[in-house]
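Enquirer: Next up, my_file21.cif (mmCIF, C-alpha atoms).
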```cif
data_input
loop_
_atom_site.label_atom_id
_atom_site.label_comp_id
_atom_site.auth_asym_id
_atom_site.auth_seq_id
_atom_site.Cartn_x
_atom_site.Cartn_y
_atom_site.Cartn_z
CA MET X 1 111.61 66.24 90.24
CA ILE X 2 114.15 69.08 90.27
CA GLY X 3 113.09 70.02 86.75
CA ASN X 4 109.45 70.25 87.80
CA LEU X 5 110.37 72.40 90.79
CA MET X 6 112.38 74.77 88.56
CA ASP X 7 109.48 75.03 86.09
CA ARG X 8 107.07 75.95 88.88
CA TRP X 9 109.55 78.47 90.29
CA GLN X 10 110.01 80.09 86.89
CA GLU X 11 106.27 80.25 86.26
CA ARG X 12 105.70 81.84 89.66
CA PHE X 13 108.22 84.59 89.03
CA ALA X 14 107.05 85.09 85.45
CA ASP X 15 103.50 85.63 86.72
CA GLN X 16 104.81 88.05 89.35
CA LEU X 17 106.65 90.03 86.68
CA LEU X 18 103.49 90.18 84.57
CA GLU X 19 101.41 91.49 87.47
CA GLN X 20 104.14 93.96 88.38
CA ALA X 21 104.21 95.22 84.78
CA LYS X 22 100.45 95.82 84.90
CA ARG X 23 100.85 97.90 88.07
CA GLU X 24 103.69 99.97 86.60
CA VAL X 25 101.93 101.11 83.43
CA ASP X 26 101.14 104.52 84.93
CA HIS X 27 104.57 104.98 86.53
CA ALA X 28 106.87 107.57 84.97
CA ARG X 29 109.83 105.38 85.92
CA PRO X 30 109.99 101.76 87.09
CA ARG X 31 110.08 101.22 90.83
CA VAL X 32 113.48 100.29 92.24
CA THR X 33 113.27 96.72 93.49
CA GLY X 34 115.61 94.54 95.52
CA ARG X 35 116.39 92.58 92.35
CA LEU X 36 117.38 95.77 90.53
CA ALA X 37 119.56 96.90 93.45
CA ILE X 38 121.36 93.54 93.57
CA GLY X 39 121.86 93.65 89.81
CA TRP X 40 123.39 97.11 90.06
CA ALA X 41 125.70 95.98 92.86
CA LEU X 42 126.89 92.93 90.89
CA SER X 43 127.43 95.11 87.81
CA PHE X 44 129.39 97.79 89.65
CA LEU X 45 131.62 95.16 91.27
CA LEU X 46 132.35 93.68 87.87
CA LEU X 47 132.99 97.11 86.33
CA ALA X 48 135.46 97.85 89.12
CA THR X 49 137.69 94.85 88.38
CA PRO X 50 139.70 96.48 85.53
CA TYR X 51 140.47 99.53 87.65
CA VAL X 52 141.30 97.44 90.74
CA SER X 53 143.77 95.44 88.66
CA MET X 54 145.38 98.57 87.21
CA ALA X 55 145.56 100.28 90.61
CA ALA X 56 147.13 97.16 92.16
CA GLY X 57 149.69 97.06 89.38
CA VAL X 58 150.67 100.71 89.79
CA THR X 59 150.87 100.35 93.58
CA LEU X 60 152.99 97.22 93.32
CA GLY X 61 155.38 98.90 90.89
CA LEU X 62 155.78 101.99 93.05
CA VAL X 63 156.23 100.08 96.31
CA GLY X 64 158.67 97.58 94.78
CA TYR X 65 160.75 100.14 92.90
CA PRO X 66 163.61 99.82 91.98
CA ASP X 67 163.36 95.99 92.10
CA LEU X 68 162.63 94.66 88.63
CA GLY X 69 160.36 91.79 89.72
CA PRO X 70 157.58 93.89 91.29
CA ILE X 71 157.74 96.35 88.40
CA ILE X 72 157.24 93.59 85.82
CA LEU X 73 154.40 92.05 87.83
CA GLY X 74 152.84 95.49 88.24
CA LEU X 75 152.97 96.08 84.48
CA ILE X 76 151.31 92.71 83.91
CA LEU X 77 148.49 93.68 86.27
CA VAL X 78 148.08 97.04 84.54
CA GLY X 79 147.95 95.34 81.14
CA PHE X 80 145.46 92.80 82.47
CA GLY X 81 143.22 95.61 83.72
CA VAL X 82 143.34 97.35 80.35
CA THR X 83 142.24 94.17 78.57
CA LEU X 84 139.26 93.91 80.92
CA LEU X 85 137.97 97.41 80.13
CA PRO X 86 134.64 97.36 78.26
CA PRO X 87 135.30 97.99 74.58
CA GLY X 88 133.90 100.94 72.73
CA HIS X 89 130.71 100.09 70.87
CA ARG X 90 131.37 101.55 67.43
CA ASN X 91 128.91 101.59 64.58
CA ARG X 92 130.71 99.79 61.75
CA SER X 93 127.67 98.72 59.68
CA LYS X 94 126.14 100.49 56.71
CA THR X 95 123.92 103.14 58.24
CA TYR X 96 121.21 105.11 56.50
CA ARG X 97 120.65 108.67 57.67
CA ARG X 98 117.81 111.15 57.48
CA THR X 99 118.88 112.32 54.03
CA ASP X 100 118.77 108.74 52.74
CA LEU X 101 115.31 107.85 54.09
CA PRO X 102 113.40 111.12 54.67
CA ALA X 103 109.92 109.55 54.56
CA LEU X 104 110.80 106.87 57.10
CA PHE X 105 112.46 109.40 59.40
CA SER X 106 109.36 111.58 59.15
CA LEU X 107 107.35 108.68 60.57
CA LEU X 108 109.99 108.07 63.25
CA ASP X 109 109.78 111.75 64.26
CA ARG X 110 106.02 111.45 64.75
CA ILE X 111 106.41 108.30 66.84
CA ALA X 112 109.21 109.89 68.86
CA GLU X 113 107.03 112.91 69.63
CA ARG X 114 104.37 110.65 71.10
CA LEU X 115 106.99 108.80 73.15
CA GLY X 116 108.64 111.97 74.43
CA THR X 117 112.01 111.21 72.85
CA THR X 118 113.88 111.80 69.60
CA ALA X 119 114.16 109.71 66.45
CA PRO X 120 117.18 107.40 66.16
CA ASP X 121 120.29 108.78 64.50
CA GLY X 122 120.48 106.06 61.86
CA ILE X 123 118.88 102.97 60.38
CA HIS X 124 120.35 99.51 59.76
CA LEU X 125 118.68 97.19 57.26
CA ASP X 126 119.41 93.46 57.33
CA GLU X 127 118.16 90.04 56.27
CA ASP X 128 116.94 88.84 59.69
CA PHE X 129 113.37 88.33 60.82
CA ASN X 130 113.95 90.75 63.65
CA ALA X 131 114.13 94.38 64.72
CA TYR X 132 116.23 96.12 67.36
CA ILE X 133 117.51 99.43 68.62
CA THR X 134 121.00 99.79 70.01
CA GLN X 135 123.24 102.48 71.40
CA PHE X 136 126.74 103.05 70.07
CA ARG X 137 129.35 104.81 72.19
CA PRO X 138 133.11 104.73 71.45
CA ARG X 139 135.42 104.11 74.38
CA PHE X 140 136.47 107.26 76.30
CA SER X 141 133.88 109.34 74.42
CA ARG X 142 130.73 111.06 75.60
CA GLN X 143 129.26 110.96 72.09
CA GLN X 144 126.60 108.38 71.44
CA GLU X 145 124.16 107.47 68.72
CA TRP X 146 121.04 105.36 68.62
CA VAL X 147 120.54 103.12 65.60
CA LEU X 148 117.31 101.32 64.73
CA GLY X 149 117.67 97.97 62.98
CA ILE X 150 114.90 96.71 60.69
CA GLY X 151 114.88 93.16 59.38
CA LEU X 152 113.45 93.30 55.86
CA PRO X 153 111.65 89.91 56.04
CA LEU X 154 109.83 91.04 59.19
CA TRP X 155 109.01 94.41 57.60
CA ALA X 156 107.52 92.59 54.60
CA ALA X 157 105.41 90.36 56.87
CA LEU X 158 103.76 93.24 58.75
CA SER X 159 100.79 95.38 57.78
CA THR X 160 101.14 99.16 57.99
CA ASP X 161 99.59 99.45 61.46
CA GLN X 162 101.79 96.58 62.69
CA ARG X 163 104.85 98.38 61.31
CA ILE X 164 103.97 101.41 63.41
CA ALA X 165 103.65 99.12 66.44
CA LEU X 166 107.05 97.56 65.73
CA LEU X 167 108.81 100.91 65.34
CA ALA X 168 107.13 102.29 68.46
CA HIS X 169 108.14 99.25 70.52
CA GLU X 170 111.79 99.49 69.50
CA MET X 171 111.98 103.26 69.97
CA ALA X 172 110.35 102.91 73.38
CA HIS X 173 113.58 101.28 74.55
CA LYS X 174 115.09 104.78 74.49
CA VAL X 175 112.77 105.86 77.29
CA ASN X 176 111.86 102.71 79.22
CA ASP X 177 115.10 102.31 81.23
CA ASP X 178 116.04 98.94 79.80
CA PRO X 179 119.26 98.03 81.65
CA MET X 180 120.45 95.86 78.76
CA ARG X 181 120.26 98.65 76.16
CA SER X 182 122.49 101.08 77.99
CA GLY X 183 123.97 101.63 81.43
CA VAL X 184 125.84 99.47 83.92
CA PHE X 185 124.26 96.12 83.03
CA ALA X 186 125.34 96.27 79.39
CA ARG X 187 128.86 97.46 80.24
CA ALA X 188 129.19 94.82 82.95
CA TYR X 189 128.42 92.11 80.39
CA ALA X 190 131.19 93.51 78.19
CA VAL X 191 133.68 93.20 81.07
CA LEU X 192 132.42 89.68 81.79
CA SER X 193 133.03 88.77 78.15
CA ASN X 194 136.61 90.01 78.51
CA TRP X 195 137.08 87.78 81.54
CA TYR X 196 135.95 84.79 79.46
CA ASP X 197 138.32 85.75 76.64
CA THR X 198 141.26 86.25 79.02
CA PHE X 199 141.06 82.70 80.34
CA GLU X 200 140.06 81.25 76.95
CA LEU X 201 137.01 79.62 78.49
CA ASP X 202 135.32 78.90 75.19
CA SER X 203 137.58 75.94 74.58
CA TYR X 204 136.84 74.64 78.08
CA TYR X 205 133.08 74.82 77.58
CA TYR X 206 132.96 73.51 74.03
CA TYR X 207 135.56 70.76 74.29
CA ASN X 208 135.33 69.97 78.00
CA GLU X 209 139.04 70.32 78.41
CA GLY X 210 141.31 72.86 80.04
CA HIS X 211 143.96 73.48 82.65
CA LEU X 212 143.17 73.72 86.35
CA THR X 213 143.24 77.51 86.09
CA GLN X 214 140.60 77.42 83.38
CA ILE X 215 138.40 75.03 85.34
CA VAL X 216 138.53 77.21 88.45
CA ALA X 217 137.97 80.37 86.40
CA ALA X 218 135.03 78.75 84.63
CA MET X 219 133.42 77.87 87.96
CA VAL X 220 133.90 81.35 89.46
CA ILE X 221 133.10 83.44 86.38
CA GLY X 222 130.27 81.14 85.32
CA THR X 223 128.63 81.41 88.74
CA TYR X 224 128.93 85.20 88.66
CA GLN X 225 127.50 85.31 85.17
CA ARG X 226 124.48 83.22 86.14
CA ALA X 227 123.80 85.48 89.12
CA LEU X 228 124.12 88.67 87.06
CA SER X 229 121.95 87.21 84.28
CA ARG X 230 119.26 86.26 86.74
CA PHE X 231 118.82 89.82 88.02
CA SER X 232 119.46 91.63 84.74
CA PHE X 233 116.96 89.49 82.84
CA PHE X 234 114.31 90.25 85.45
CA GLU X 235 114.73 93.97 84.74
CA SER X 236 115.02 93.53 80.99
CA GLN X 237 111.70 91.68 80.94
CA ARG X 238 110.09 94.51 82.87
CA ALA X 239 111.46 96.89 80.24
CA GLU X 240 109.97 94.79 77.42
CA TYR X 241 106.54 95.07 79.02
CA ARG X 242 106.97 98.85 79.28
CA ALA X 243 107.99 99.01 75.61
CA ASP X 244 104.86 97.06 74.67
CA ALA X 245 102.71 99.50 76.66
CA HIS X 246 104.35 102.45 74.90
CA ALA X 247 103.76 100.77 71.54
CA MET X 248 100.08 100.34 72.40
CA GLN X 249 99.75 104.05 73.15
CA VAL X 250 101.22 104.89 69.75
CA ALA X 251 99.71 102.17 67.53
CA GLY X 252 96.78 100.70 69.46
CA ALA X 253 96.32 97.37 71.20
CA GLU X 254 95.21 95.25 68.24
CA PRO X 255 98.20 96.11 66.00
CA VAL X 256 100.64 95.38 68.83
CA ILE X 257 99.03 92.01 69.55
CA ALA X 258 98.90 91.17 65.84
CA MET X 259 102.56 92.14 65.47
CA LEU X 260 103.52 89.82 68.33
CA GLU X 261 101.48 87.01 66.80
CA VAL X 262 103.32 87.46 63.50
CA ILE X 263 106.66 87.22 65.31
CA THR X 264 105.66 83.84 66.79
CA ARG X 265 105.64 82.47 63.22
CA GLY X 266 109.07 83.82 62.36
CA ASP X 267 110.69 80.50 61.55
CA LEU X 268 108.32 80.12 58.58
CA ALA X 269 110.30 82.89 56.89
CA GLN X 270 113.57 80.99 57.12
CA ARG X 271 111.97 77.74 56.00
CA SER X 272 110.52 79.41 52.91
CA ILE X 273 113.93 80.28 51.47
CA VAL X 274 114.30 76.80 50.02
CA ASP X 275 111.40 77.58 47.66
CA LEU X 276 113.68 79.95 45.73
CA TYR X 277 116.33 77.33 45.00
CA PRO X 278 118.67 77.39 43.01
CA TYR X 279 118.99 81.09 43.97
CA THR X 280 120.06 82.27 40.52
CA GLY X 281 119.37 85.54 38.79
CA ASP X 282 118.97 89.08 40.06
CA GLN X 283 115.60 88.89 41.78
CA GLY X 284 115.97 92.02 43.88
CA ALA X 285 113.80 92.15 46.95
CA ARG X 286 111.76 89.12 45.90
CA ILE X 287 113.39 87.01 48.61
CA PHE X 288 112.22 89.36 51.38
CA ASP X 289 108.69 89.53 50.00
CA HIS X 290 108.63 85.75 49.72
CA MET X 291 109.84 85.31 53.31
CA GLY X 292 107.39 87.88 54.61
CA HIS X 293 104.39 86.42 52.79
CA ALA X 294 105.25 82.94 54.08
CA VAL X 295 104.58 84.36 57.55
CA SER X 296 101.74 86.80 56.93
CA ASP X 297 99.82 84.45 54.61
CA ALA X 298 100.06 81.40 56.86
CA ASP X 299 96.80 79.49 56.91
CA PRO X 300 94.64 79.80 60.06
CA GLU X 301 95.49 76.29 61.23
CA THR X 302 99.24 76.97 61.09
CA ALA X 303 98.87 80.35 62.77
CA ALA X 304 96.80 78.78 65.55
CA ARG X 305 99.40 76.07 66.03
CA TYR X 306 102.15 78.62 66.53
CA LEU X 307 100.04 80.54 69.03
CA THR X 308 99.37 77.31 70.92
CA GLU X 309 103.09 76.59 71.02
CA ALA X 310 103.73 80.13 72.27
CA ALA X 311 101.18 79.63 75.04
CA ARG X 312 102.98 76.45 76.13
CA GLU X 313 106.33 78.19 76.14
CA LYS X 314 108.09 77.93 79.47
CA LYS X 315 107.76 81.06 81.53
CA ARG X 316 111.48 81.42 81.91
CA VAL X 317 113.13 84.25 83.84
CA ASP X 318 116.54 83.58 82.27
CA ASN X 319 115.68 85.31 79.01
CA SER X 320 115.69 89.01 78.17
CA HIS X 321 112.16 88.81 76.69
CA PRO X 322 109.04 87.55 78.46
CA PRO X 323 107.16 84.71 76.74
CA THR X 324 105.15 86.11 73.84
CA ALA X 325 101.92 84.70 75.24
CA LEU X 326 102.40 86.72 78.44
CA ARG X 327 103.16 89.86 76.43
CA ILE X 328 99.91 89.41 74.52
CA GLU X 329 98.05 88.88 77.80
CA PHE X 330 99.64 92.05 79.16
CA ILE X 331 98.54 94.21 76.21
CA ALA X 332 95.03 92.73 76.28
CA SER X 333 94.72 93.64 79.97
CA LEU X 334 95.46 97.36 79.48
CA PRO X 335 92.62 99.91 79.25
CA ALA X 336 91.67 100.93 75.72
CA ALA X 337 91.89 104.57 76.74
CA LEU X 338 95.68 104.34 76.58
CA SER X 339 95.54 104.30 72.78
CA GLU X 340 92.91 106.98 72.21
CA ASN X 341 95.42 109.22 70.45
CA ARG X 342 97.14 106.51 68.46
CA LEU X 343 98.78 107.12 65.11
CA HIS X 344 96.65 105.77 62.26
CA PRO X 345 98.39 104.24 59.21
CA GLU X 346 96.07 106.24 56.92
CA ASP X 347 97.86 109.37 58.15
CA VAL X 348 101.28 108.01 57.15
CA ASP X 349 102.67 108.08 53.61
CA PHE X 350 103.72 104.43 53.48
CA SER X 351 103.88 104.51 49.68
CA ALA X 352 106.73 107.05 49.95
CA ILE X 353 108.44 104.92 52.59
CA ASP X 354 108.17 101.82 50.40
CA ALA X 355 109.48 103.74 47.39
CA GLU X 356 112.62 104.94 49.16
CA LEU X 357 113.26 101.51 50.71
CA GLN X 358 112.79 99.60 47.46
CA PRO X 359 116.26 100.15 45.90
CA LEU X 360 117.92 99.27 49.22
CA ARG X 361 115.79 96.14 49.50
CA ASP X 362 116.70 95.20 45.94
CA ASP X 363 120.42 95.57 46.62
CA LEU X 364 120.31 93.52 49.81
CA GLY X 365 118.07 90.91 48.19
CA LYS X 366 120.44 90.51 45.27
CA THR X 367 123.39 90.11 47.64
CA MET X 368 121.56 87.55 49.77
CA MET X 369 120.56 85.49 46.72
CA GLU X 370 124.13 85.52 45.43
CA GLU X 371 125.45 84.37 48.80
CA LEU X 372 122.90 81.56 48.99
CA HIS X 373 123.80 80.43 45.47
CA GLU X 374 127.51 80.47 46.31
CA VAL X 375 126.91 78.34 49.40
CA GLU X 376 124.98 75.78 47.34
CA VAL X 377 127.67 75.66 44.63
CA ASN X 378 130.45 75.10 47.16
CA ARG X 379 128.55 72.57 49.24
#
```
Show me this structure written as structure tokens.

Expert:
Amino acid sequence: MIGNLMDRWQERFADQLLEQAKREVDHARPRVTGRLAIGWALSFLLLATPYVSMAAGVTLGLVGYPDLGPIILGLILVGFGVTLLPPGHRNRSKTYRRTDLPALFSLLDRIAERLGTTAPDGIHLDEDFNAYITQFRPRFSRQQEWVLGIGLPLWAALSTDQRIALLAHEMAHKVNDDPMRSGVFARAYAVLSNWYDTFELDSYYYYNEGHLTQIVAAMVIGTYQRALSRFSFFESQRAEYRADAHAMQVAGAEPVIAMLEVITRGDLAQRSIVDLYPYTGDQGARIFDHMGHAVSDADPETAARYLTEAAREKKRVDNSHPPTALRIEFIASLPAALSENRLHPEDVDFSAIDAELQPLRDDLGKTMMEELHEVEVNR
């Protein structure tokens, strides 16, 4: 009974978010809601905890001086506050710059111009059926860089117009005020993670054991985390809808919908890897092409089955992305006039982009095949 009530509650709020997203398409910035205000308040309170701890430690040391006990306790509080500070988000992965991928960055510049922003500072390439954009900012530094991540299996599965839609969606996160990409929500989650690490709560959750302190901390911190997640995920879902709308303006409605439909079949890419067993020989980017084709060339019955499963997906509000079926419904509901000035793939030199990506794809493909072979040998 409780489960049914929760499902109906989640569906109600998911439908409300969808309707709200439709109303906000023409808004320059998202409307501030009560949920957003509460999320900000929870985030700011969490971000204040390191500084409160450090201030309490300094005050205790000064008031208790010259007694050694208060000074030691004050130093402990200061050290505790330092450990709670959100860490700097440094870019430690192999990053390709404009000089490495000039044709791809030329396309990103054209998309950025339509979005009213700038191209990302770098590109990450990986083996996941995914794409992302993230912001890196070292601690105590005002410098920042945006890096776009492209999963090569997903890239291989998409047509040229769908690739434009994918890039536009990810780059739209630079301008759509997604609280989880940058700002107080993301930094608050970093502080929350430090709270978990301080009390070693992983062992409590995974092994159902711990001291009384851990149990109490798990209850308090876990409750706070659920509350923060509830409000932050609401806003992150709103941001995903806005990113989809931006992508439609750049690439058109049909490519965006087709791109989302391809993503629903993503697990076919992972399943197809077994076809390449025993993973021997230098096959370059063959693995990514194989994974991509397993998704893009799925027979109509399989594709329809995945869309049906997506339509049955629970309309959960405790996830940073809305259900794919609702995202497709959202794009289909928008006026066609929004994509009148879309970027056509015929106007993009994708052959040059493919040519400059090919050696990088070959290197990553070779490495992935070698790792898979090593895993099988040592199994």

Enquirer: Would you compute the distance between atom CA of Val82 of chain X and atom CA of Ser53 of chain X? Give it in Å to one decimal.

Expert: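 It comes out at 8.5 Å.
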
Enquirer: I'd like the contact shell of Glu127 of chain X - 9 Å cut-off, only C-alpha atoms, skipping same-chain residues fewer than 2 positions apart - returned as number ranges by chain.

Expert: X: 125, 129-130, 150-154, 288, 364-365, 368

Enquirer: Run the PyMOL selection byres ((chain X and resi 240) around 10) on the file and write out the hits as an MDAnalysis selection string.

Expert: chainID X and resid 21 169:170 172:173 176:178 235:239 241:246 320:322 327

Enquirer: For the atom pair atom CA of Gln144 of chain X and atom CA of Val175 of chain X, what is the interatomic distance in Å to one decimal place?

Expert: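 Computing the Euclidean distance for atom CA of Gln144 of chain X and atom CA of Val175 of chain X yields 15.2 Å.
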
Enquirer: What does the structure give for the distance between atom CA of Leu47 of chain X and atom CA of Ala188 of chain X, in Å to one decimal?

Expert: 5.6 Å

Enquirer: Find the residues around Ser229 of chain X up to 12 Å (all atoms listed in the file counted), leave out those fewer than 5 positions away in its own chain, and share them as a list in words.

Expert: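 Residues meeting the cut-off are Arg35, Leu36, Ile38, Gly39, Trp40, Leu42, Ser43, Pro179, Met180, Phe185, Ala186, Ala188, Tyr189, Leu192, Ile221, Gly222, Thr223, Tyr224, Phe234, Glu235, Ser236, Gln237, Val317, Asp318, Asn319 and Ser320 of chain X.
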
Enquirer: Pick out the residues sitting within 8 Å of Arg137 of chain X, and hand them over as a PyMOL selection string; count only C-alpha atoms, and ignore anything fewer than 5 positions along from it in its own chain.

Expert: chain X and resi 88-90+142-145

Enquirer: Hey, what comes out of the PyMOL selection byres ((chain X and resi 250) around 9) on this file? Could you write it as a PyMOL selection string?

Expert: chain X and resi 111+114-115+164-165+168-169+245-249+251-252+338-344

Enquirer: Translate the PyMOL selection byres ((chain X and resi 294) around 10) into a concrete residue list for this structure, as a count of residues only.

Expert: 23

Enquirer: Give the answer as one residue: which of X:Gly149, X:Pro66, X:Gly79, X:Pro50 has the shortest atom-to-atom distance to Thr95 of chain X, using all atoms listed in the file?

Expert: X:Gly149

Enquirer: List every protein, DNA or RNA residue that has at least one atom no more than 12 Å from (141.0, 95.5, 85.5) in the file's coordinates, counting only C-alpha atoms, and write the result as a JSON list (two decimals) with C-alpha atoms, in the coordinates of the input.

Expert:
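What follows is the written file part-v5.json:
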```
[["chain", "number", "residue", "atom", "x", "y", "z"],
["X", 45, "LEU", "CA", 131.62, 95.16, 91.27],
["X", 46, "LEU", "CA", 132.35, 93.68, 87.87],
["X", 47, "LEU", "CA", 132.99, 97.11, 86.33],
["X", 48, "ALA", "CA", 135.46, 97.85, 89.12],
["X", 49, "THR", "CA", 137.69, 94.85, 88.38],
["X", 50, "PRO", "CA", 139.70, 96.48, 85.53],
["X", 51, "TYR", "CA", 140.47, 99.53, 87.65],
["X", 52, "VAL", "CA", 141.30, 97.44, 90.74],
["X", 53, "SER", "CA", 143.77, 95.44, 88.66],
["X", 54, "MET", "CA", 145.38, 98.57, 87.21],
["X", 55, "ALA", "CA", 145.56, 100.28, 90.61],
["X", 56, "ALA", "CA", 147.13, 97.16, 92.16],
["X", 57, "GLY", "CA", 149.69, 97.06, 89.38],
["X", 58, "VAL", "CA", 150.67, 100.71, 89.79],
["X", 76, "ILE", "CA", 151.31, 92.71, 83.91],
["X", 77, "LEU", "CA", 148.49, 93.68, 86.27],
["X", 78, "VAL", "CA", 148.08, 97.04, 84.54],
["X", 79, "GLY", "CA", 147.95, 95.34, 81.14],
["X", 80, "PHE", "CA", 145.46, 92.80, 82.47],
["X", 81, "GLY", "CA", 143.22, 95.61, 83.72],
["X", 82, "VAL", "CA", 143.34, 97.35, 80.35],
["X", 83, "THR", "CA", 142.24, 94.17, 78.57],
["X", 84, "LEU", "CA", 139.26, 93.91, 80.92],
["X", 85, "LEU", "CA", 137.97, 97.41, 80.13],
["X", 86, "PRO", "CA", 134.64, 97.36, 78.26],
["X", 191, "VAL", "CA", 133.68, 93.20, 81.07],
["X", 192, "LEU", "CA", 132.42, 89.68, 81.79],
["X", 194, "ASN", "CA", 136.61, 90.01, 78.51],
["X", 195, "TRP", "CA", 137.08, 87.78, 81.54],
["X", 198, "THR", "CA", 141.26, 86.25, 79.02]]
```

Enquirer: Taking into account all atoms listed in the file, which residue in the set X:Gln283, X:Glu261, X:Ala337, X:Leu73 is nearest to Arg305 of chain X?

Expert: X:Glu261

Enquirer: Using all atoms listed in the file, which of the listed residues (X:Arg163, X:Gly74, X:Gln225, X:Phe233) sits closest to Leu104 of chain X?

Expert: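 Nearest to Leu104 of chain X: X:Arg163.
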
Enquirer: For Asp109 of chain X, work out the shell of residues within 8 Å, counting all atoms listed in the file and skipping chain neighbours fewer than 3 positions away, then give it as a VMD selection string.

Expert: chain X and resid 105 to 106 112 to 113 118 to 119
